Amino acid sequence: MAPRTRREARMLRAAAANGASAASVAAAADSTEQASGDDFSTGQHPTTAASANDSSRRPESYPTRRDRRAASSSRSSRRGGAGSKSRAAAVGAGAGAAAAGTAGAAHNAARNASHDRADRRAANDRGTDRTDDRSPAEHEPARARRHSSRLGEAFPGLVGWTSLSTLLPGVGLLRTRFRPAGLIIFGLFALAIVSGLLYLLIKGPVRAVSMVVGNPSLLNFLAIAAVVVGVVWILVIVVSHLGLRRGHRYTPWQNKLAGVLVVSLALIIGIPLGVGSVYARVQSSTVSSLFGDSTGKSMGADELWADKPYINVFLMGRDNGDDREGTRPDTMLVASIDTKTGNAALISVPRNLAFPIFPEGSELAKAWPDGFRPSGDSSEDLINAVWQWGEQNQDAIGDTHGLEPGMWATMQAVQGSLGLNLDYWASVDMAGFEDVVDAIGGVKIDVERPIPMGGGKSMSGVPNKVYGWVDPGEQTLKGKDALWYVRSREGSDNYDRMCRQQRMLKTTLEQIDPQELAAAYPKLANSATKNIATSIPQNEIPAFIELAVAMQKGDVTTVQINNDVTPTYNPDFDVLHKWILGEVKGASNGEETPQPTNDGSDSSDKKESSEDEASDEETTDTAAGDTGDEGADSSESEVPGEPNAEGKCYPQGFKPGDSFPGYPGPNAGDQG
């Protein structure tokens with residue numbers, strides 16, 4: 001019988017090799033086909049059925065190819081052994097039984113071959129399934145299975161979480177493998193914010209800030225901390241961004257935008273913290289250089305001055321010009337400030353106040369029991385001459401408490417003459433005044449008349465040239481023009497000059513912009529350490545900051561000492577003391593400045609005072625004389641040194657709209 005298939009051919013060759021007959025081989029083939037037919041009759045492919053049988057017997061871990069070959073060899077051996085036993089029995093029983101045994105062996109061999117092919121197909125199918133179904137731990141983290149494989153699809157999330165990580169450091173790390181670090185960083189950030197808010201609520205914004213800016217040690221710590229926090233914050237942004245990119249694909253333009261985003265966010269964090277660090281170092285250096293050593297713990301205004309209704313601060317403008325010999329007081333004021341309301345009386349001390357007296361019991365009071373009278377001449381023995389005398393007679397002054405002899409002697413003269421105890425002092429050189437005005441962007445003011453730059457006479461009596469003008473009208477005065485507005489004496493008098501000084505101080509205080517001051521602070525601080533000196537200790541800085549804020553909200557009253565109060569050429573200090581006390585109390589209550597209580601003097605007294613002023617101007621090198629009309633009707637003139645209803649200042653005898661001698665016209669400016 002001819003074989004019908006290749007399989008039957010292989011079976012016939014195998015049977016022939018074993019000595020089996022063709023009939024036995026045919027019977028084995030029919031038996032195999034019947035088994036296959038049974039498989040198809042159940043709706044399963046033979047391979048599938050074999051796979052199902054195998055899978056029901058196999059454990060969950062799939063065998064390797066080597067394991068399958070070993071199992072197949074074992075089955076073949078068992079079946080081959082059974083066939084050998086059958087052939088042995090057939091020899092004893094007869095040729096028919098031998099033929100049947102041979103047919104059984106052929107049938108088993110064919111079935112084993114079929115099973116081997118089915119096993120290989122099932123193994124291939126299971127290999128594909130295992131590749132798809134392998135556990136996440138074998139390849140990548142479980143989080144990666146959720147990542148999108150579509151190009152650029154995750155870009156909005158990348159931008160959003162990176163930006164959020166800038167606002168809330170550590171949040172972006174929560175979506176990466178650095179989740180524990182993200183929790184720690186975000187927790188520290190939240191703790192710092194909550195602690196800062198609680199400190200602000202407990203202390204109040206003004207006191208909280210003042211406690212920081214007045215402490216050099218704390219400022220140095222904050223300067224270092226700002227740098228460290230900035231570096232860590234930027235690293236958190238970068239690491240968060242890289243972690244969020246993991247497992248995603250982006251287009252080239254998205255990669256470029258992501259880089260720009262990270263750099264921009266790093267600058268947003270780094271620049272403010274870097275500038276803050278620089279400002280903290282500058283402030284620390286300024287506080288250490290400008291203010292005195294701490295005398296105790298830092299306190300607020302209500303604690304420091306709990307038993308003091310007023311504090312008196314002596315303010316002095318010092319003129320160290322090239323044409324000057326040493327330091328000369330150019331401007332002297334006393335600010336008497338209510339420590340509860342911030343209302344203040346700004347008292348101008350006339351430079352031509354003659355025969356000043358000193359506090360009772362002081363060394364200077366013992367040296368000058370009848371007042372300062374080195375020459376006995378009211379045109380020379382003036383309060384602004386005390387400085388130079390003190391520098392030349394240091395032995396007569398006694399203990400200066402660490403101050404310059406001239407400064408101490410001048411303060412003693414102001415304290416005794418006004419009847420006020422001076423609690424603090426501050427002096428400013430003229431260069432420092434220019435820097436302050438420039439730092440706040442200038443002072444907007446309506447200049448009432450032409451103001452000469454220069455003029456007056458030198459120490460040798462030679463007239464100085466007028467080299468420029470400050471034009472009248474509303475304008476913003478920069479440092480140099482503002483300085484000449486407050487110091488010019490050409491064609492003026494002391495009272496008009498003091499009025500302009502007080503007007504400038506009040507206007508400047510009203511226009512101070514914290515943002516402009518902050519922008520110019522490094523330059524301003526550098527100028528302050530060179531041109532400003534003060535007795536305020538470091539631990540009292542917070543109290544003065546609180547007081548300055550209160551003053552900006554309160555009322556500042558200007559107080560002028562003129563001949564209507566007491567004759568400046570021969571003052572009655574008892575009358576002056578009583579009047580000053582009334583002015584201070586009135587300013588504290590927010591009342592308008594009352595008119596002088598002393599009717600002063602008759603016309604002859606005024607004439608003598610005017611002559612004394614002119615003599616003083618020649619002696620002190622700063623004026624060309626008084627242009628006021630000595631015979632002017634008092635009913636047509638304002639009180640000397642008092643601003644008019646518009647708040648403007650004019651010399652006696654000068655009326656708004658009058659021409660000013662020597663003024664060339666608008667836009668004359670600085671002709672030097």
# chains A, B, ... in the order shown; residues from 1 in each chain; ligands from 1
>>> select_by_dssp(residues="stretch 385-506 of chain A", states="helix (DSSP H, G or I)", output="number ranges by chain")
A: 385-392, 394-396, 405-418, 430-439, 479-487, 494-506
>>> residues_around(residues="A:Asp513", least_positions_apart="5", cutoff="12 Å", atoms="only C-alpha atoms", output="short mmCIF file (atom, residue, chain, number, x, y, z; two decimals) with N, CA, C and O atoms, in the first residue's frame")
data_model
loop_
_atom_site.label_atom_id
_atom_site.label_comp_id
_atom_site.auth_asym_id
_atom_site.auth_seq_id
_atom_site.Cartn_x
_atom_site.Cartn_y
_atom_site.Cartn_z
N VAL A 436 20.53 111.82 49.69
CA VAL A 436 19.20 111.42 50.14
C VAL A 436 18.14 111.89 49.15
O VAL A 436 17.23 111.14 48.77
N VAL A 437 18.23 113.14 48.71
CA VAL A 437 17.25 113.68 47.77
C VAL A 437 17.30 112.92 46.45
O VAL A 437 16.26 112.58 45.86
N ALA A 439 18.27 109.88 46.04
CA ALA A 439 17.82 108.51 46.26
C ALA A 439 16.31 108.39 46.19
O ALA A 439 15.78 107.36 45.74
N ILE A 440 15.58 109.42 46.59
CA ILE A 440 14.12 109.35 46.54
C ILE A 440 13.57 109.93 45.24
O ILE A 440 12.37 110.12 45.10
N GLY A 441 14.47 110.20 44.28
CA GLY A 441 14.03 110.67 42.97
C GLY A 441 13.75 112.15 42.90
O GLY A 441 13.11 112.63 41.96
N GLY A 442 14.24 112.92 43.89
CA GLY A 442 14.00 114.35 43.91
C GLY A 442 12.77 114.70 44.75
O GLY A 442 12.01 113.83 45.16
N VAL A 443 12.60 115.98 44.99
CA VAL A 443 11.49 116.48 45.80
C VAL A 443 10.66 117.43 44.96
O VAL A 443 11.18 118.41 44.42
N THR A 508 9.80 116.57 52.03
CA THR A 508 10.55 115.33 51.78
C THR A 508 9.95 114.17 52.56
O THR A 508 9.78 113.06 52.03
N ALA A 518 14.33 101.69 48.43
CA ALA A 518 14.87 100.34 48.35
C ALA A 518 15.76 100.18 47.12
O ALA A 518 16.81 99.55 47.18
N ALA A 519 15.33 100.75 46.00
CA ALA A 519 16.11 100.62 44.76
C ALA A 519 17.46 101.31 44.88
O ALA A 519 18.46 100.84 44.32
N ALA A 520 17.51 102.45 45.59
CA ALA A 520 18.76 103.20 45.71
C ALA A 520 19.47 102.94 47.03
O ALA A 520 20.42 103.65 47.37
N TYR A 521 19.02 101.92 47.76
CA TYR A 521 19.52 101.75 49.12
C TYR A 521 21.03 101.50 49.20
O TYR A 521 21.69 102.10 50.06
N GLN A 552 5.05 109.83 59.90
CA GLN A 552 4.56 110.03 58.54
C GLN A 552 3.04 110.13 58.52
O GLN A 552 2.48 110.80 57.66
#
>>> residues_around(residues="A:Phe178", least_positions_apart="6", cutoff="12 Å", atoms="only C-alpha atoms", output="ChimeraX atom specification")
/A:170-172,184-185,236,239-244
>>> residues_around(residues="A:Ala208", least_positions_apart="4", cutoff="12 Å", atoms="only C-alpha atoms", output="mmCIF file with C-alpha atoms, in the first residue's frame")
data_model
loop_
_atom_site.group_PDB
_atom_site.id
_atom_site.type_symbol
_atom_site.label_atom_id
_atom_site.label_comp_id
_atom_site.auth_asym_id
_atom_site.auth_seq_id
_atom_site.Cartn_x
_atom_site.Cartn_y
_atom_site.Cartn_z
ATOM 1 C CA GLY A 196 6.896 83.679 59.329
ATOM 2 C CA LEU A 197 3.185 84.421 59.239
ATOM 3 C CA LEU A 198 2.811 83.672 62.940
ATOM 4 C CA TYR A 199 5.762 85.984 63.718
ATOM 5 C CA LEU A 200 4.161 88.777 61.667
ATOM 6 C CA LEU A 201 0.806 88.290 63.375
ATOM 7 C CA ILE A 202 2.312 88.274 66.866
ATOM 8 C CA LYS A 203 4.762 91.158 66.432
ATOM 9 C CA GLY A 204 2.977 93.157 63.762
ATOM 10 C CA VAL A 212 15.263 92.233 61.534
ATOM 11 C CA VAL A 213 16.768 95.305 59.843
ATOM 12 C CA GLY A 214 18.270 96.562 63.105
ATOM 13 C CA ASN A 215 20.123 93.347 63.977
ATOM 14 C CA SER A 298 15.853 95.374 71.159
ATOM 15 C CA MET A 299 12.541 96.938 72.095
ATOM 16 C CA GLY A 300 9.639 98.627 70.396
ATOM 17 C CA PRO A 542 13.258 99.148 65.864
ATOM 18 C CA ALA A 543 11.716 101.798 68.113
ATOM 19 C CA ILE A 545 11.473 102.814 62.741
ATOM 20 C CA GLU A 546 8.077 102.532 64.444
#
>>> closest_residue(among="A:Ala354, A:Ala225, A:Leu505, A:Cys499", to="A:Ser378", atoms="only C-alpha atoms")
A:Ala354
